[in-house]
Amino acid sequence: MFITQKHLSRRTVLRGMGATMALPLLDAMVPAQTLQRKTAAASRVRLACIEMVHGSAGSTQEGIEQHYWMPEKEGADFDFTMILKPLEPLREYVTVITQTDLHAAEAWAAAEEGADHFRSSAVFLTAAHPKQTEGSDVRAGTSIDQIYAQEFGADTALPSLQLAIENVDTAGTCGFNYACVYSGPISWSSPTTPTAMTIDPRMAFETLFGEGGTAAEREARQRANRSILDGITREVARLRSDLGASDRNRLNSYMESVREIERRIVRIEQHNASGESRALPSAPLGVPDSWEEHVKLMFDLQVLAFSSEVTRVSSFKLSRDTSNRVFPESGIRAPFHAMSHHGSVPSKILEYAKLNVYHMSLLPYFLEKLRATPDGDGNLLDHSMILWGSPMGDSNVHTHRRLPVLLAGHANGRIKGNQHVRCKDETPYANVLLTMLHTLGIDQPAIGDSTGEVAI
Amino acid sequence: MRQLVGAALGAAVLAAPLAASSQPAAKRPTLAVSHVVAPRSAAALNALLNEYCLGCHDADGRAGGLSLQDFEPGQADKQPEIAEKMIRKLRAGMMPPAGAPRPDPASASALRASLETAVDRDAAAHPFAGAPELHRVNRSEYRNSVRDLLDLDIDVSALLPPDEMGRGFDNMADVLAVTPALVQGYVRAAGKISRAAIGDASVAPAMTMYTVPKVVNQMRHVDGAPLGTRGGTSVLHNFPADGEYTFKLALYYDFLETLYGQNLPANLQGQEIEVSVDGARAALFKIDPNIPETKNVLTSPRVRIAAGPHRVSAAFLAKFDGPTEDEFRQVEQSMVDISAGIPGLIALPHLQSMTVAGPFAATGVSATPSRREIFICTPATAHDETACAQTIITKLARKAFRRPLTDADASFLFDSYKEGRSDGTFENGIERALQAIVASPNFVFRFERTPSNAKPGANYRISDVELASRLSYFLWSSSPDDQLLTLAARGQLRDPAVLEREVRRMLADRRAQGLVDNFAEEWLRLRHVREADPDTGLYPEFSRNLGESMARETKLLFDNIIREDRSVTELLTANYTFVDEVLAKHYGIPNVQGSTFRRVAITDPNRFGLLGQGSILTLTSLANRTSPVLRGKYVMEVLLGAAPPPPPANVPALEENVENQRPLPVRERLAEHRKNPACAACHKMMDPIGLALENFNAVGLWRTVDSGAPIDPTGELYDGTQLDGPVSLRKAILARTDAFIGSFTENLLAYGLGRLIDYRDMPAARAVEQDAAKSDYRFSSFILGVVKSVPFQMRKADDVVTSAQNGAAETARRAKNR
């Protein structure tokens, strides 16, 4: 089962379901539970990019001296520091990369100073400096997950999956004349197109696997949807003639989305017609109350999506910079954002480090599930590349230096793991993104301010 | 001077036909006092600028990025963007900054009046209409439009991704982007909606789960549930077919797998929970507190239920009343986090979720409200099907597309019908046509067409039918109804008398709730009080229910101002409010029982208006303390329309109180903060405002002590006004009524237009507020002002390219991209 094992309420509900009407109903909702493995040759690397927002205690001067994040020892068999500790059981899969900086997240003009919260997320996977605007003329860069999806995602039902836990802050304008989208999506399918994130696990499930009680029902609905989309295409052609230029542009982007959905349906149909069945648990029931449970459910969905290869690419935003959420499971009662501005006081940096540990403690849940899922000649974690990091360094003073970054998974043997790669100080973080792209088989000379690869 | 202002007004409101409804400029009554000031010579204004502004805003200093070195106040119309910045600060009285020498009020008013006059005069000659981006309906508009089309309530948050916000509103066309996820959402939603509306006896069983968040208090009666129950949940569930359904309940357990509320005093033992459908009991469960979580499956027997919406409640039978309640009522957050470990807390069982599963053994689909909307005819024979289908499709599509149907629309939709019909029955055909209607770009976008004779770059009047949609989405957040659409289709809506009559009719309609749920909610940031999560240990009296009630209180005040057409300033001064039991208890208002809200008079002037309401006070607080900074910022940004700039990056958070150290009141901690000169400039403005409200704690309760020290609410507003508590702050804001009304108007205009507005729109906003001033700021006068304004009635045609040229250019661009 891909169900959170620790959380009682959810488990109870599902058991409750199972005990009475269970299988017939669940069976009707999902394809048969048969494991079908891919051959090794067909296995392409799964990519998950996870943003934990607003830096790390390990990126402060104090944190570096105390080794909250950065291990003392370089290379193999490095020491798992306080914040990295939860990952130790997965040592052979972990590659920690230290001392990289994200120049593009910094202020490049006086008017941009202090606007880090409203800019950073858009930089995390793009290494592009976002244009300061409140209007629709947003511009950042294409994110690495989207570059990978566009290059190799055509044969999956869904090129990529974007998940998030919290809505974009809705308080007034997003500040410093930055559009709110810069602090929301981390995936950008083009420099001007941020990609919406799904917060509801159930919606994500239906996006991945379609809706309908039975396979036949799902198929019939897909067919109806295709004919609806055909109709939309014809209608748009008629509508275009008497609209202004900007309306036409918007209609164009609408049509591109329509075609994208048509392609997805075709791919899902092909997938279904291939006779391959997928192993799926029950559809999740909605957004859970608890942050931790929500995160775990989203991890479950990514494991599912990866194992069935409905998609191979995901991005996942765990919170937002300005969240003042309290994480009761961490045992720390202070709100997140206030804590992250620790005033460079050592005792408070330590407190923040403890919160960082808590957030990190959720990553093994994902990694262990991937490791426990057989895939071709190994397991899913062998065939995955997972980026975990933050576009912020020292959250107190909003630096983007010495970012907390790590990779997990062996990416089909292309990343050896059990490594601490300590870069020369001031190495662009973009080098990490470039290295990832190259590892994924994308021949791109540079991204952002990259100067070369990181020796992972 | 007065004549100038009057003339500017007359012209800024629409020209010929509409002007008939306004009085001639010369006969206008006197405007609000502050507008009538003796004009000053250009030299005098320049001297004023030199003396009070240029010290910081010169070419070298450029304070706030603004240089007034080359600014000529006498020719403000040449630099309207700068002029508008100045007007905004002058209105709020925020410039010159706190502590700096100030001109006498008359001079400041003269400067402002002169700037406004110059800019407005120019705008009257060249009114700015703007051109909203292609407007797609947002989630709440989508939900309302479906409700009005099919009498069907849908959970839109489960169907569509959230909308991006602009300027605090989620209806700004500029930022409502279209993504594949959204298109997928539309297509999927169209399928679900058409199936739900028609009903389906062959549908496979499915589950729908309704969860009750932990932070919801379950001690009291829940709205909608049968009387005599407490807690649980009550929902309007749409049943897809006549058939059998079961209900499953899950209760909250703690982490040791013991039932929440396992150990109860004798008088509270024997808890029972009931499932009811439309008030009739469907199942009753005795709760055995010793059954472990894994075995405690509360599943009802199958119940036969007819298709359509029915109210389903799962609620505990109330076993207590009166004095017994006192044992635990001190803790409103009755499902407190276990780790809080509050001694003496008696928790009763709490519902965690209710699930509806089915239908089993479906027999058909009875008449439902949606089916009554759809099947206005029934074909007696196969021969009648075509005509009936056309009748149904025409009615639905006209309403959905918000315009008369074209032949092309009709034939396209009929094709969809035929496709569905050939796969099954007549109803399948209608369902497919309905799916095509709801998925259509004509439904999800509000198109405004450029007439072929529009002059490039010139303003033109939008069509009556387009105006009908602008109106209905402004006032109702939904599509035009039949009457509005019929008037528009006949070309009568442009008649000012008809338009005004329709606006008044629409404001009186229940759908005007859209203004409360969307405009008021977003302008006043009420969503944040729903999401507020005050620390349970510090504020045990807070629960999610209380947060909901607080938001409701504010919305009811706003609603009352709409319904009774009161002055908008009553938002600040109302000596009445609306409470239910939970809120009344919070405020200490006696004798209010039950979950129904009622109007009560307020005698304590500290509680008058928004600044005395729990909602505003809570949403501007942190989880563990008040934040005078947030409160100050809220007042400046929301109520006075002049937000302080965001803080620089390297600002440490305030020191939190730590155990075993002397706790410091917020005031003292803030004072530390303000020693830093980089912070002081803005905090000298924000903090005194917030400190004047310090007697209200983080959940809006009155207090006189903070962390052991008596509250000191005194301070000095940035303009020198002495503050000593909420009453003085309210008076200070009322002394700046212009700024408050300006902020309200500007936000209403942006919301009404559904686009981001900028300095070019400010003359139109001023025209609205100056008109409203004449009717004592009655709510309807603002609405009418916006509706009659140039940007609402007109649209600017594209600057250069004609449609044909544009088409060619675009083809070339697309070819190049390929």
# chains A, B, ... in the order shown; residues from 1 in each chain; ligands from 1
>>> residues_around(residues="stretch 792-801 of chain B", least_positions_apart="2", cutoff="10 Å", atoms="only C-alpha atoms", output="ChimeraX atom specification")
/A:243-246 /B:14,127-132,448-451,454-464,466-467,470-471,494,749,752-754,764,785-790,803-807,809
>>> write_last_selection(atoms="C-alpha atoms", output="PDB file, in the first residue's frame")
ATOM      1  CA  LEU A 243     -10.583  39.815 -31.476  1.00  0.00           C
ATOM      2  CA  GLY A 244      -7.822  42.238 -30.611  1.00  0.00           C
ATOM      3  CA  ALA A 245      -4.166  41.273 -30.736  1.00  0.00           C
ATOM      4  CA  SER A 246      -3.645  40.533 -27.066  1.00  0.00           C
TER       5      SER A 246
ATOM      6  CA  LEU B  14     -19.211  59.345 -19.874  1.00  0.00           C
ATOM      7  CA  PRO B 127     -10.237  59.701 -21.074  1.00  0.00           C
ATOM      8  CA  PHE B 128      -8.416  56.439 -20.524  1.00  0.00           C
ATOM      9  CA  ALA B 129     -10.564  53.361 -21.102  1.00  0.00           C
ATOM     10  CA  GLY B 130      -7.932  50.653 -21.103  1.00  0.00           C
ATOM     11  CA  ALA B 131      -8.414  47.224 -22.553  1.00  0.00           C
ATOM     12  CA  PRO B 132      -8.700  44.282 -20.190  1.00  0.00           C
ATOM     13  CA  GLU B 448     -15.185  41.337 -26.087  1.00  0.00           C
ATOM     14  CA  ARG B 449     -15.047  41.833 -29.810  1.00  0.00           C
ATOM     15  CA  THR B 450     -13.468  44.770 -31.555  1.00  0.00           C
ATOM     16  CA  PRO B 451     -16.008  46.242 -33.978  1.00  0.00           C
ATOM     17  CA  ALA B 454     -13.099  50.831 -34.393  1.00  0.00           C
ATOM     18  CA  LYS B 455     -10.367  53.399 -34.873  1.00  0.00           C
ATOM     19  CA  PRO B 456      -6.923  52.099 -33.878  1.00  0.00           C
ATOM     20  CA  GLY B 457      -5.969  53.343 -30.444  1.00  0.00           C
ATOM     21  CA  ALA B 458      -9.331  55.018 -29.875  1.00  0.00           C
ATOM     22  CA  ASN B 459     -11.893  54.273 -27.190  1.00  0.00           C
ATOM     23  CA  TYR B 460     -15.082  52.668 -28.351  1.00  0.00           C
ATOM     24  CA  ARG B 461     -18.217  51.719 -26.492  1.00  0.00           C
ATOM     25  CA  ILE B 462     -18.536  47.994 -25.851  1.00  0.00           C
ATOM     26  CA  SER B 463     -21.741  46.324 -26.975  1.00  0.00           C
ATOM     27  CA  ASP B 464     -24.769  46.117 -24.701  1.00  0.00           C
ATOM     28  CA  GLU B 466     -20.768  42.727 -23.402  1.00  0.00           C
ATOM     29  CA  LEU B 467     -21.811  45.378 -20.912  1.00  0.00           C
ATOM     30  CA  ARG B 470     -19.306  43.191 -17.210  1.00  0.00           C
ATOM     31  CA  LEU B 471     -22.215  44.152 -14.973  1.00  0.00           C
ATOM     32  CA  ARG B 494     -27.088  51.585 -22.806  1.00  0.00           C
ATOM     33  CA  LEU B 749     -12.848  50.029  -9.625  1.00  0.00           C
ATOM     34  CA  GLY B 752     -15.224  45.962 -11.204  1.00  0.00           C
ATOM     35  CA  LEU B 753     -13.030  46.240 -14.269  1.00  0.00           C
ATOM     36  CA  GLY B 754     -11.336  42.928 -13.503  1.00  0.00           C
ATOM     37  CA  ALA B 764     -11.886  57.827 -13.246  1.00  0.00           C
ATOM     38  CA  GLY B 785     -20.135  55.512 -10.529  1.00  0.00           C
ATOM     39  CA  VAL B 786     -17.989  52.578 -11.557  1.00  0.00           C
ATOM     40  CA  VAL B 787     -20.637  51.256 -13.920  1.00  0.00           C
ATOM     41  CA  LYS B 788     -20.980  54.634 -15.621  1.00  0.00           C
ATOM     42  CA  SER B 789     -17.266  55.275 -15.839  1.00  0.00           C
ATOM     43  CA  VAL B 790     -15.418  55.379 -19.129  1.00  0.00           C
ATOM     44  CA  SER B 803      -7.177  42.720 -37.342  1.00  0.00           C
ATOM     45  CA  ALA B 804      -6.091  41.663 -40.793  1.00  0.00           C
ATOM     46  CA  GLN B 805      -2.545  42.942 -40.426  1.00  0.00           C
ATOM     47  CA  ASN B 806      -2.312  41.360 -37.062  1.00  0.00           C
ATOM     48  CA  GLY B 807      -3.449  38.048 -38.433  1.00  0.00           C
ATOM     49  CA  ALA B 809       1.934  39.143 -38.611  1.00  0.00           C
TER      50      ALA B 809
END
>>> select_by_dssp(residues="stretch 180-250 of chain B", states="strand (DSSP E or B)", output="PyMOL selection string")
chain B and resi 206-211+229-239+242-250
>>> write_last_selection(atoms="N, CA and C atoms", output="short mmCIF file (atom, residue, chain, number, x, y, z; two decimals), in the first residue's frame")
data_model
loop_
_atom_site.label_atom_id
_atom_site.label_comp_id
_atom_site.auth_asym_id
_atom_site.auth_seq_id
_atom_site.Cartn_x
_atom_site.Cartn_y
_atom_site.Cartn_z
N ALA B 206 -19.12 5.25 -6.10
CA ALA B 206 -17.93 6.04 -5.79
C ALA B 206 -18.07 6.58 -4.38
N MET B 207 -16.97 7.05 -3.86
CA MET B 207 -16.98 7.58 -2.50
C MET B 207 -16.73 9.08 -2.54
N THR B 208 -17.39 9.78 -1.69
CA THR B 208 -17.07 11.19 -1.49
C THR B 208 -16.84 11.38 0.00
N MET B 209 -15.71 11.96 0.31
CA MET B 209 -15.38 12.10 1.73
C MET B 209 -15.41 13.56 2.15
N TYR B 210 -16.06 13.81 3.26
CA TYR B 210 -16.07 15.16 3.84
C TYR B 210 -15.30 15.08 5.15
N THR B 211 -14.22 15.83 5.25
CA THR B 211 -13.44 15.77 6.49
C THR B 211 -13.73 16.99 7.35
N THR B 229 -28.34 18.39 18.27
CA THR B 229 -27.08 17.70 18.03
C THR B 229 -25.94 18.67 18.26
N ARG B 230 -24.74 18.10 18.40
CA ARG B 230 -23.55 18.94 18.51
C ARG B 230 -22.51 18.42 17.52
N GLY B 231 -21.70 19.32 17.03
CA GLY B 231 -20.54 18.96 16.23
C GLY B 231 -20.86 18.21 14.96
N GLY B 232 -19.86 17.47 14.49
CA GLY B 232 -20.02 16.72 13.25
C GLY B 232 -19.97 17.63 12.04
N THR B 233 -20.72 17.24 11.03
CA THR B 233 -20.68 18.02 9.80
C THR B 233 -22.04 17.94 9.12
N SER B 234 -22.32 18.92 8.30
CA SER B 234 -23.58 18.93 7.57
C SER B 234 -23.30 19.47 6.18
N VAL B 235 -23.64 18.69 5.16
CA VAL B 235 -23.30 19.08 3.79
C VAL B 235 -24.50 18.87 2.88
N LEU B 236 -24.47 19.60 1.77
CA LEU B 236 -25.46 19.37 0.72
C LEU B 236 -24.78 18.46 -0.29
N HIS B 237 -25.20 17.21 -0.29
CA HIS B 237 -24.52 16.24 -1.17
C HIS B 237 -25.39 15.97 -2.39
N ASN B 238 -24.74 15.94 -3.55
CA ASN B 238 -25.48 15.67 -4.77
C ASN B 238 -25.43 14.18 -5.09
N PHE B 239 -26.58 13.53 -5.01
CA PHE B 239 -26.64 12.09 -5.28
C PHE B 239 -26.88 11.87 -6.76
N ASP B 242 -31.11 7.62 -8.21
CA ASP B 242 -31.95 6.99 -7.20
C ASP B 242 -31.30 5.64 -6.91
N GLY B 243 -30.96 5.40 -5.66
CA GLY B 243 -30.29 4.15 -5.37
C GLY B 243 -30.00 4.04 -3.90
N GLU B 244 -29.21 3.04 -3.55
CA GLU B 244 -28.86 2.84 -2.16
C GLU B 244 -27.47 3.39 -1.89
N TYR B 245 -27.35 4.01 -0.74
CA TYR B 245 -26.07 4.62 -0.36
C TYR B 245 -25.74 4.21 1.06
N THR B 246 -24.46 4.16 1.37
CA THR B 246 -24.08 3.97 2.77
C THR B 246 -23.25 5.16 3.22
N PHE B 247 -23.25 5.34 4.53
CA PHE B 247 -22.48 6.43 5.12
C PHE B 247 -21.48 5.83 6.10
N LYS B 248 -20.27 6.34 6.05
CA LYS B 248 -19.23 5.84 6.95
C LYS B 248 -18.67 6.99 7.74
N LEU B 249 -18.51 6.76 9.00
CA LEU B 249 -17.99 7.81 9.86
C LEU B 249 -16.67 7.37 10.48
N ALA B 250 -15.74 8.28 10.55
CA ALA B 250 -14.49 8.01 11.26
C ALA B 250 -14.35 9.05 12.35
#
>>> closest_residue(among="B:Gly74, B:Gly641, B:Gly358, B:Pro677", to="B:Gly742", atoms="only C-alpha atoms")
B:Gly641
>>> residues_around(residues="B:Ala241", least_positions_apart="2", cutoff="7 Å", atoms="only C-alpha atoms", output="PDB file with C-alpha atoms, in the first residue's frame")
ATOM      1  CA  GLY B 199     -27.760  12.169 -13.302  1.00  0.00           C
ATOM      2  CA  ASP B 200     -26.751   8.667 -14.237  1.00  0.00           C
ATOM      3  CA  ALA B 201     -28.293   5.430 -13.080  1.00  0.00           C
ATOM      4  CA  PHE B 239     -26.636  12.092  -5.278  1.00  0.00           C
ATOM      5  CA  GLY B 243     -30.292   4.146  -5.373  1.00  0.00           C
ATOM      6  CA  ALA B 306     -33.504   9.802  -4.603  1.00  0.00           C
ATOM      7  CA  ALA B 307     -31.182  11.568  -7.019  1.00  0.00           C
ATOM      8  CA  PRO B 359     -25.078   4.299  -5.543  1.00  0.00           C
ATOM      9  CA  ALA B 362     -29.529   2.248  -8.803  1.00  0.00           C
ATOM     10  CA  GLY B 364     -33.113   5.541 -12.233  1.00  0.00           C
ATOM     11  CA  VAL B 365     -32.939   9.279 -11.875  1.00  0.00           C
TER      12      VAL B 365
END
>>> closest_residue(among="B:Tyr539, B:Arg102, B:Asp120, B:Ala282", to="B:Glu84", atoms="only C-alpha atoms")
B:Asp120
>>> closest_residue(among="B:Pro791, B:Pro480, B:Pro80, B:Pro644", to="B:Arg403", atoms="only C-alpha atoms")
B:Pro480
>>> atom_distance(atom1="atom CA of B:Arg674", atom2="atom CA of B:Leu691")
13.2 Å
>>> atom_distance(atom1="atom CA of B:Ser479", atom2="atom CA of B:Ser145")
5.5 Å
>>> residues_around(residues="A:Gly75", least_positions_apart="6", cutoff="12 Å", atoms="only C-alpha atoms", output="PyMOL selection string")
chain A and resi 94-98+416-423+455-456
>>> write_last_selection(atoms="N, CA and C atoms", output="PDB file, in the first residue's frame")
ATOM      1  N   VAL A  94      23.154   9.051  -1.619  1.00  0.00           N
ATOM      2  CA  VAL A  94      23.132  10.490  -1.354  1.00  0.00           C
ATOM      3  C   VAL A  94      24.397  11.179  -1.862  1.00  0.00           C
ATOM      4  N   THR A  95      24.216  12.286  -2.560  1.00  0.00           N
ATOM      5  CA  THR A  95      25.336  13.109  -3.021  1.00  0.00           C
ATOM      6  C   THR A  95      25.089  14.533  -2.529  1.00  0.00           C
ATOM      7  N   VAL A  96      25.894  14.976  -1.580  1.00  0.00           N
ATOM      8  CA  VAL A  96      25.721  16.318  -1.035  1.00  0.00           C
ATOM      9  C   VAL A  96      26.657  17.267  -1.772  1.00  0.00           C
ATOM     10  N   ILE A  97      26.110  18.378  -2.228  1.00  0.00           N
ATOM     11  CA  ILE A  97      26.932  19.337  -2.978  1.00  0.00           C
ATOM     12  C   ILE A  97      26.949  20.650  -2.199  1.00  0.00           C
ATOM     13  N   THR A  98      28.103  21.083  -1.771  1.00  0.00           N
ATOM     14  CA  THR A  98      28.164  22.281  -0.938  1.00  0.00           C
ATOM     15  C   THR A  98      28.927  23.415  -1.626  1.00  0.00           C
ATOM     16  N   LYS A 416      27.230   8.153  -8.581  1.00  0.00           N
ATOM     17  CA  LYS A 416      27.654   7.024  -7.754  1.00  0.00           C
ATOM     18  C   LYS A 416      27.081   7.076  -6.349  1.00  0.00           C
ATOM     19  N   GLY A 417      26.841   8.286  -5.833  1.00  0.00           N
ATOM     20  CA  GLY A 417      26.281   8.388  -4.483  1.00  0.00           C
ATOM     21  C   GLY A 417      27.368   8.255  -3.432  1.00  0.00           C
ATOM     22  N   ASN A 418      26.923   8.356  -2.152  1.00  0.00           N
ATOM     23  CA  ASN A 418      27.874   8.331  -1.034  1.00  0.00           C
ATOM     24  C   ASN A 418      29.002   9.325  -1.261  1.00  0.00           C
ATOM     25  N   GLN A 419      28.650  10.534  -1.630  1.00  0.00           N
ATOM     26  CA  GLN A 419      29.654  11.538  -1.941  1.00  0.00           C
ATOM     27  C   GLN A 419      29.308  12.874  -1.290  1.00  0.00           C
ATOM     28  N   HIS A 420      30.327  13.526  -0.793  1.00  0.00           N
ATOM     29  CA  HIS A 420      30.196  14.935  -0.479  1.00  0.00           C
ATOM     30  C   HIS A 420      31.080  15.695  -1.447  1.00  0.00           C
ATOM     31  N   VAL A 421      30.458  16.410  -2.357  1.00  0.00           N
ATOM     32  CA  VAL A 421      31.213  17.184  -3.335  1.00  0.00           C
ATOM     33  C   VAL A 421      31.300  18.608  -2.821  1.00  0.00           C
ATOM     34  N   ARG A 422      32.472  18.976  -2.402  1.00  0.00           N
ATOM     35  CA  ARG A 422      32.643  20.332  -1.881  1.00  0.00           C
ATOM     36  C   ARG A 422      33.209  21.190  -2.995  1.00  0.00           C
ATOM     37  N   CYS A 423      32.393  22.082  -3.494  1.00  0.00           N
ATOM     38  CA  CYS A 423      32.832  22.906  -4.620  1.00  0.00           C
ATOM     39  C   CYS A 423      33.755  24.003  -4.118  1.00  0.00           C
ATOM     40  N   ALA A 455      31.563  17.805 -10.253  1.00  0.00           N
ATOM     41  CA  ALA A 455      32.048  16.419 -10.344  1.00  0.00           C
ATOM     42  C   ALA A 455      31.289  15.503  -9.394  1.00  0.00           C
ATOM     43  N   ILE A 456      30.117  15.066  -9.841  1.00  0.00           N
ATOM     44  CA  ILE A 456      29.351  14.177  -8.950  1.00  0.00           C
ATOM     45  C   ILE A 456      29.717  12.716  -9.201  1.00  0.00           C
TER      46      ILE A 456
END
>>> closest_residue(among="A:Val397, A:Ala164, A:Ile83, A:Val313", to="chain B", atoms="only C-alpha atoms")
A:Val397
>>> closest_residue(among="A:Arg263, A:Lys296, A:Gly184, A:Ile332", to="A:Asp155", atoms="only C-alpha atoms")
A:Arg263
>>> residues_around(residues="B:Ser300", least_positions_apart="3", cutoff="12 Å", atoms="only C-alpha atoms", output="compact mmCIF listing (two decimals) with C-alpha atoms, in the first residue's frame")
# COMPACT_ATOMS: atom_id res chain seq x y z
CA GLY A 16 -12.93 1.34 7.31
CA THR A 20 -16.94 -3.35 4.12
CA MET A 21 -17.17 -2.44 0.51
CA GLU B 244 -28.86 2.84 -2.16
CA TYR B 245 -26.07 4.62 -0.36
CA THR B 246 -24.08 3.97 2.77
CA PHE B 247 -22.48 6.43 5.12
CA LYS B 248 -19.23 5.84 6.95
CA LEU B 249 -17.99 7.81 9.86
CA ALA B 250 -14.49 8.01 11.26
CA ILE B 273 -23.73 9.95 16.64
CA GLU B 274 -26.50 10.17 14.10
CA VAL B 275 -26.52 10.29 10.31
CA SER B 276 -29.50 12.09 8.87
CA ARG B 281 -32.45 9.77 10.79
CA ALA B 282 -30.68 7.29 8.55
CA ALA B 283 -28.50 5.65 11.19
CA LEU B 284 -27.59 5.99 14.84
CA PHE B 285 -24.35 4.67 16.28
CA LYS B 286 -23.52 4.15 19.92
CA VAL B 297 -15.97 1.23 11.73
CA VAL B 303 -30.35 3.71 2.62
CA ARG B 304 -32.45 4.37 -0.44
CA ALA B 314 -23.47 13.41 10.81
CA MET B 354 -18.02 11.38 6.83
CA THR B 355 -18.01 9.44 3.59
CA VAL B 356 -20.91 8.90 1.24
CA ALA B 357 -20.58 5.80 -0.91
>>> closest_residue(among="B:Asp712, B:Asp776, B:Asp409, B:Asp719", to="B:Met685", atoms="only C-alpha atoms")
B:Asp719
